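Shown here: model_32.csv, CSV, C-alpha atoms.
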chain,number,residue,atom,x,y,z
A,9,MET,CA,0.0,0.0,0.0
A,10,LYS,CA,1.4,3.4,-1.0
A,11,LEU,CA,1.3,5.9,1.8
A,12,LEU,CA,1.8,9.7,1.6
A,13,ILE,CA,3.4,10.8,4.8
A,14,THR,CA,3.5,14.5,5.5
A,15,LYS,CA,4.4,16.7,8.5
A,16,ARG,CA,1.3,18.8,9.3
A,17,LYS,CA,-1.4,19.6,11.8
A,18,LEU,CA,-4.6,17.4,11.9
A,19,THR,CA,-8.0,18.6,10.8
A,20,ALA,CA,-10.9,18.6,13.3
A,21,LYS,CA,-12.5,15.7,11.4
A,22,GLU,CA,-9.2,13.7,11.6
A,23,ILE,CA,-9.0,14.4,15.4
A,24,ASP,CA,-12.5,13.2,15.8
A,25,LEU,CA,-11.7,10.0,13.9
A,26,LEU,CA,-8.6,9.4,16.1
A,27,GLN,CA,-10.5,10.0,19.3
A,28,LYS,CA,-13.0,7.3,18.2
A,29,GLU,CA,-10.1,4.9,17.4
A,30,ILE,CA,-8.4,5.6,20.7
A,31,SER,CA,-11.6,4.9,22.7
A,32,ASP,CA,-11.8,1.5,21.0
A,33,SER,CA,-8.2,0.6,21.5
A,34,LEU,CA,-6.7,-1.0,24.6
A,35,ASN,CA,-3.2,0.1,23.8
A,36,ILE,CA,-3.6,3.9,23.9
A,37,THR,CA,-5.1,6.0,26.7
A,38,LEU,CA,-7.5,8.7,25.7
A,39,PHE,CA,-6.4,12.3,25.7
A,40,SER,CA,-8.1,15.5,24.8
A,41,LYS,CA,-8.6,17.0,21.3
A,42,HIS,CA,-6.7,20.0,22.5
A,43,ARG,CA,-3.6,17.8,23.0
A,44,TRP,CA,-3.7,16.8,19.3
A,45,ARG,CA,-3.5,20.5,18.4
A,46,LYS,CA,-0.5,21.0,20.7
A,47,PHE,CA,1.8,18.7,18.8
A,48,ASP,CA,4.5,20.6,17.0
A,49,ILE,CA,5.9,17.6,15.1
A,50,LEU,CA,3.1,15.4,13.7
A,51,PHE,CA,3.5,13.0,10.8
A,52,VAL,CA,0.2,12.1,9.1
A,53,ALA,CA,-0.1,9.1,6.8
A,54,THR,CA,-2.8,9.0,4.1
A,55,HIS,CA,-3.8,6.7,1.3
A,56,GLN,CA,-5.7,8.0,-1.6
A,57,GLY,CA,-6.6,11.1,0.5
A,58,LYS,CA,-7.9,9.1,3.5
A,59,LEU,CA,-6.3,9.2,7.0
A,60,VAL,CA,-4.4,6.0,7.7
A,61,GLY,CA,-2.5,7.0,10.8
A,62,VAL,CA,-0.4,9.5,12.7
A,63,CYS,CA,2.8,9.6,14.7
A,64,ALA,CA,3.8,12.5,16.9
A,65,VAL,CA,7.3,13.4,18.0
A,66,VAL,CA,7.8,15.5,21.1
A,67,ASP,CA,11.0,17.6,21.6
A,68,LEU,CA,12.6,16.8,25.0
A,69,ASP,CA,15.9,18.8,24.8
A,70,ASN,CA,18.3,16.2,23.3
A,71,TRP,CA,15.6,13.4,23.1
A,72,GLY,CA,12.7,12.9,20.8
A,73,LYS,CA,9.7,11.1,22.3
A,74,ILE,CA,7.9,9.2,19.6
A,75,GLY,CA,4.1,8.8,20.1
A,76,PRO,CA,1.3,8.5,20.1
A,77,LEU,CA,1.6,6.2,17.1
A,78,ILE,CA,-1.9,5.3,15.8
A,79,ILE,CA,-2.9,3.3,12.8
A,80,LEU,CA,-6.7,3.2,12.0
A,81,LYS,CA,-8.2,-0.2,12.4
A,82,ASN,CA,-9.0,-0.6,8.7
A,83,TYR,CA,-5.3,-0.2,7.9
A,84,GLN,CA,-3.7,-2.4,10.6
A,85,GLY,CA,-1.9,-5.5,9.4
A,86,LYS,CA,-0.9,-3.9,6.1
A,87,LYS,CA,2.6,-2.6,7.2
A,88,CYS,CA,1.3,1.0,7.6
A,89,GLY,CA,2.6,1.3,11.1
A,90,THR,CA,6.0,0.0,10.0
A,91,LYS,CA,6.2,2.5,7.1
A,92,LEU,CA,5.1,5.4,9.3
A,93,LEU,CA,7.5,4.6,12.1
A,94,ASN,CA,10.3,3.9,9.7
A,95,HIS,CA,9.7,7.3,8.1
A,96,VAL,CA,9.8,9.0,11.5
A,97,VAL,CA,13.0,7.2,12.6
A,98,THR,CA,14.7,7.9,9.2
A,99,THR,CA,13.8,11.6,9.6
A,100,PHE,CA,15.3,11.7,13.1
A,101,ARG,CA,18.1,9.2,12.4
A,102,HIS,CA,20.7,11.6,14.0
A,103,HIS,CA,18.8,12.1,17.2
A,104,ASN,CA,18.2,10.2,20.5
A,105,LEU,CA,14.7,8.6,20.3
A,106,PHE,CA,12.4,7.1,22.9
A,107,ILE,CA,9.1,5.2,22.5
A,108,GLY,CA,6.9,3.4,24.9
A,109,SER,CA,4.0,1.1,24.2
A,110,SER,CA,1.9,-1.8,25.4
A,111,ASN,CA,1.4,-2.9,21.8
A,112,SER,CA,3.4,-6.0,20.9
A,113,LYS,CA,3.3,-5.0,17.2
A,114,VAL,CA,5.1,-1.8,18.1
A,115,TRP,CA,7.7,-3.7,20.1
A,116,SER,CA,8.4,-5.8,17.0
A,117,ILE,CA,8.8,-2.8,14.7
A,118,VAL,CA,11.1,-0.9,17.0
A,119,ASN,CA,13.3,-4.0,17.6
A,120,LYS,CA,13.8,-4.1,13.8
A,121,LEU,CA,14.6,-0.4,13.8
A,122,ARG,CA,17.5,-1.1,16.3
A,123,PHE,CA,15.8,0.3,19.4
A,124,ASN,CA,16.9,-1.2,22.7
A,125,GLN,CA,14.4,-2.1,25.5
A,126,ILE,CA,15.2,-0.2,28.7
A,127,GLY,CA,13.6,-0.1,32.1
A,128,TYR,CA,11.9,3.0,33.4
A,129,SER,CA,14.5,3.6,36.1
A,130,LYS,CA,17.2,3.8,33.4
A,131,LEU,CA,15.3,6.3,31.2
A,132,PRO,CA,16.9,9.7,30.6
A,133,LYS,CA,15.8,12.5,33.0
A,134,GLN,CA,14.1,14.5,30.2
A,135,VAL,CA,11.9,11.5,29.4
A,136,LYS,CA,11.0,10.8,33.0
A,137,LEU,CA,10.1,14.5,33.4
A,138,TYR,CA,7.9,14.3,30.3
A,139,PHE,CA,6.0,11.4,31.7
A,140,PHE,CA,5.4,13.3,35.0
A,141,LYS,CA,4.3,16.4,33.1
A,142,TYR,CA,2.0,14.4,30.8
A,143,ILE,CA,0.2,12.8,33.7
A,144,ILE,CA,-0.3,16.1,35.5
A,145,GLU,CA,-1.5,17.9,32.3
A,146,ASN,CA,-4.0,15.0,31.5
A,147,LEU,CA,-5.3,14.4,35.0
A,148,ASN,CA,-9.0,14.6,34.4
A,149,CYS,CA,-12.0,12.4,34.8
A,150,SER,CA,-12.0,11.1,31.2
A,151,PHE,CA,-8.3,10.2,31.4
A,152,ILE,CA,-8.6,8.5,34.8
A,153,LEU,CA,-11.7,6.5,33.7
A,154,ASP,CA,-10.1,5.4,30.4
A,155,THR,CA,-6.9,4.4,32.2
A,156,ILE,CA,-8.9,2.3,34.7
A,157,LYS,CA,-11.0,0.7,32.0
A,158,LYS,CA,-8.0,-0.2,29.9
A,159,ARG,CA,-5.5,-1.2,32.5
A,160,LEU,CA,-7.7,-2.9,35.1
A,161,LEU,CA,-10.9,-4.1,33.5
A,162,HIS,CA,-9.4,-5.2,30.1
A,163,LYS,CA,-5.9,-6.2,31.3
A,164,ARG,CA,-4.0,-3.9,28.9
A,165,GLY,CA,-0.6,-5.4,28.1
A,166,GLU,CA,2.7,-4.6,29.7
A,167,TYR,CA,4.1,-1.2,28.9
A,168,LYS,CA,7.6,-1.4,27.6
A,169,THR,CA,10.1,1.4,26.9
A,170,PHE,CA,12.7,1.5,24.1
A,171,ILE,CA,15.5,4.0,23.2
A,172,ARG,CA,17.7,4.5,20.2
A,173,CYS,CA,20.7,6.7,20.9
A,174,SER,CA,22.7,9.0,18.7
A,175,SER,CA,25.6,11.3,19.4
A,176,SER,CA,23.7,14.2,17.9
A,177,THR,CA,21.2,16.4,19.8
A,178,PHE,CA,17.5,16.7,19.1
A,179,SER,CA,16.2,19.7,17.2
A,180,ASN,CA,12.9,20.7,15.7
A,181,HIS,CA,12.3,19.7,12.1

Would you mind writing the structure in this file as structure tokens?
Amino acid sequence: MKLLITKRKLTAKEIDLLQKEISDSLNITLFSKHRWRKFDILFVATHQGKLVGVCAVVDLDNWGKIGPLIILKNYQGKKCGTKLLNHVVTTFRHHNLFIGSSNSKVWSIVNKLRFNQIGYSKLPKQVKLYFFKYIIENLNCSFILDTIKKRLLHKRGEYKTFIRCSSSTFSNH
């Protein structure tokens, strides 16, 4: 499947579509529409003009935090996630990168892209601070209820963290 991957903001319709997809997924915790608009670096994959998926990159000083990475259900299993993540990693090949996920498909892709699994305690300080800030910013009823639903009621999978290091520093693209 031929994908067009561009760096751009999402439309309101695309955000609504992603919110629906997230609410149905066990691997991603719901966050606000406002949060989608805040991403400075967002890669959008389309096929024949239709949204396939998105991948955000957050600048954390000399680290890039990859995610959320979302592929719409109709396009899963067609290597779209691999193509999108490969595009992001290639774009930021000279930068330190971090990704965390409870999705075993993502684990497989990042292993092929030479990421190394690392425990939370060994993550760089910038990444740990991002997690803390993310939780504080998103601490609302919807976030809490979605987290409880996905982690406790549906036994969401183990969350694993991966890094890929470079000697260069992270900068905006």

(request) Name all residues at most 12 Å from Leu25 (chain A) (count only C-alpha atoms; drop same-chain ones fewer than 6 positions away) and give them as a list in words. (result)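 Result of the neighbour search: Leu18, Thr19, Ser31, Asp32, Lys41, Trp44, Lys58, Leu59, Val60, Gly61, Val62, Ile78, Ile79, Leu80 and Lys81 of chain A.
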
Keeping only C-alpha atoms, write the selected residues to a file as an mmCIF file, in the frame of the given file.
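Output saved as again_23.cif:
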data_model
loop_
_atom_site.group_PDB
_atom_site.id
_atom_site.type_symbol
_atom_site.label_atom_id
_atom_site.label_comp_id
_atom_site.auth_asym_id
_atom_site.auth_seq_id
_atom_site.Cartn_x
_atom_site.Cartn_y
_atom_site.Cartn_z
ATOM 1 C CA LEU A 18 -4.600 17.400 11.900
ATOM 2 C CA THR A 19 -8.000 18.600 10.800
ATOM 3 C CA SER A 31 -11.600 4.900 22.700
ATOM 4 C CA ASP A 32 -11.800 1.500 21.000
ATOM 5 C CA LYS A 41 -8.600 17.000 21.300
ATOM 6 C CA TRP A 44 -3.700 16.800 19.300
ATOM 7 C CA LYS A 58 -7.900 9.100 3.500
ATOM 8 C CA LEU A 59 -6.300 9.200 7.000
ATOM 9 C CA VAL A 60 -4.400 6.000 7.700
ATOM 10 C CA GLY A 61 -2.500 7.000 10.800
ATOM 11 C CA VAL A 62 -0.400 9.500 12.700
ATOM 12 C CA ILE A 78 -1.900 5.300 15.800
ATOM 13 C CA ILE A 79 -2.900 3.300 12.800
ATOM 14 C CA LEU A 80 -6.700 3.200 12.000
ATOM 15 C CA LYS A 81 -8.200 -0.200 12.400
#

(message) Which residue is closest to Thr54 (chain A)? Choose from A:Leu137, A:Ile30, A:Leu92, A:Ile74 and count all atoms listed in the file.
(response) A:Leu92

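Distances here use all atoms listed in the file; by that measure, the residue among A:Gln84, A:Thr169, A:Thr99, A:Thr90 closest to Phe123 (chain A) is A:Thr169.
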
(message) Residues near His95 (chain A), anyone? I mean within 10 Å using all atoms listed in the file, not counting same-chain ones fewer than 3 positions away, as a PyMOL selection string.
(response) chain A and resi 13-14+51+63+89-92+98-101

(request) Rounded to one decimal place, report the CA of Gly108 (chain A)-CA of Phe170 (chain A) distance in Å. (result) 6.2 Å

N, CA and C atoms restored at region 130-145 of chain A, emitted as a PDB file, keeping the file's coordinate frame:
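Result went into rebuild_34.pdb, see below:
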ATOM      1  N   LYS A 130      16.010   3.486  34.146  1.00  0.00           N
ATOM      2  CA  LYS A 130      17.200   3.800  33.400  1.00  0.00           C
ATOM      3  C   LYS A 130      16.924   4.865  32.275  1.00  0.00           C
ATOM      4  N   LEU A 131      15.675   5.313  32.174  1.00  0.00           N
ATOM      5  CA  LEU A 131      15.300   6.300  31.200  1.00  0.00           C
ATOM      6  C   LEU A 131      16.027   7.634  31.463  1.00  0.00           C
ATOM      7  N   PRO A 132      16.345   8.407  30.431  1.00  0.00           N
ATOM      8  CA  PRO A 132      16.900   9.700  30.600  1.00  0.00           C
ATOM      9  C   PRO A 132      16.007  10.639  31.453  1.00  0.00           C
ATOM     10  N   LYS A 133      16.599  11.563  32.181  1.00  0.00           N
ATOM     11  CA  LYS A 133      15.800  12.500  33.000  1.00  0.00           C
ATOM     12  C   LYS A 133      14.759  13.231  32.260  1.00  0.00           C
ATOM     13  N   GLN A 134      15.089  13.692  31.046  1.00  0.00           N
ATOM     14  CA  GLN A 134      14.100  14.500  30.200  1.00  0.00           C
ATOM     15  C   GLN A 134      12.868  13.627  29.966  1.00  0.00           C
ATOM     16  N   VAL A 135      13.052  12.346  29.712  1.00  0.00           N
ATOM     17  CA  VAL A 135      11.900  11.500  29.400  1.00  0.00           C
ATOM     18  C   VAL A 135      11.074  11.237  30.644  1.00  0.00           C
ATOM     19  N   LYS A 136      11.707  11.007  31.780  1.00  0.00           N
ATOM     20  CA  LYS A 136      11.000  10.800  33.000  1.00  0.00           C
ATOM     21  C   LYS A 136      10.150  12.081  33.357  1.00  0.00           C
ATOM     22  N   LEU A 137      10.766  13.251  33.183  1.00  0.00           N
ATOM     23  CA  LEU A 137      10.100  14.500  33.400  1.00  0.00           C
ATOM     24  C   LEU A 137       8.878  14.682  32.503  1.00  0.00           C
ATOM     25  N   TYR A 138       9.040  14.251  31.252  1.00  0.00           N
ATOM     26  CA  TYR A 138       7.900  14.300  30.300  1.00  0.00           C
ATOM     27  C   TYR A 138       6.760  13.478  30.779  1.00  0.00           C
ATOM     28  N   PHE A 139       7.034  12.260  31.232  1.00  0.00           N
ATOM     29  CA  PHE A 139       6.000  11.400  31.700  1.00  0.00           C
ATOM     30  C   PHE A 139       5.212  12.057  32.890  1.00  0.00           C
ATOM     31  N   PHE A 140       5.968  12.626  33.816  1.00  0.00           N
ATOM     32  CA  PHE A 140       5.400  13.300  35.000  1.00  0.00           C
ATOM     33  C   PHE A 140       4.484  14.461  34.508  1.00  0.00           C
ATOM     34  N   LYS A 141       5.018  15.289  33.637  1.00  0.00           N
ATOM     35  CA  LYS A 141       4.300  16.400  33.100  1.00  0.00           C
ATOM     36  C   LYS A 141       3.032  15.980  32.347  1.00  0.00           C
ATOM     37  N   TYR A 142       3.164  14.936  31.555  1.00  0.00           N
ATOM     38  CA  TYR A 142       2.000  14.400  30.800  1.00  0.00           C
ATOM     39  C   TYR A 142       0.903  13.968  31.693  1.00  0.00           C
ATOM     40  N   ILE A 143       1.233  13.257  32.749  1.00  0.00           N
ATOM     41  CA  ILE A 143       0.200  12.800  33.700  1.00  0.00           C
ATOM     42  C   ILE A 143      -0.478  13.972  34.362  1.00  0.00           C
ATOM     43  N   ILE A 144       0.301  14.944  34.809  1.00  0.00           N
ATOM     44  CA  ILE A 144      -0.300  16.100  35.500  1.00  0.00           C
ATOM     45  C   ILE A 144      -1.188  16.884  34.514  1.00  0.00           C
ATOM     46  N   GLU A 145      -0.746  17.099  33.268  1.00  0.00           N
ATOM     47  CA  GLU A 145      -1.500  17.900  32.300  1.00  0.00           C
ATOM     48  C   GLU A 145      -2.830  17.135  31.907  1.00  0.00           C
TER      49      GLU A 145
END
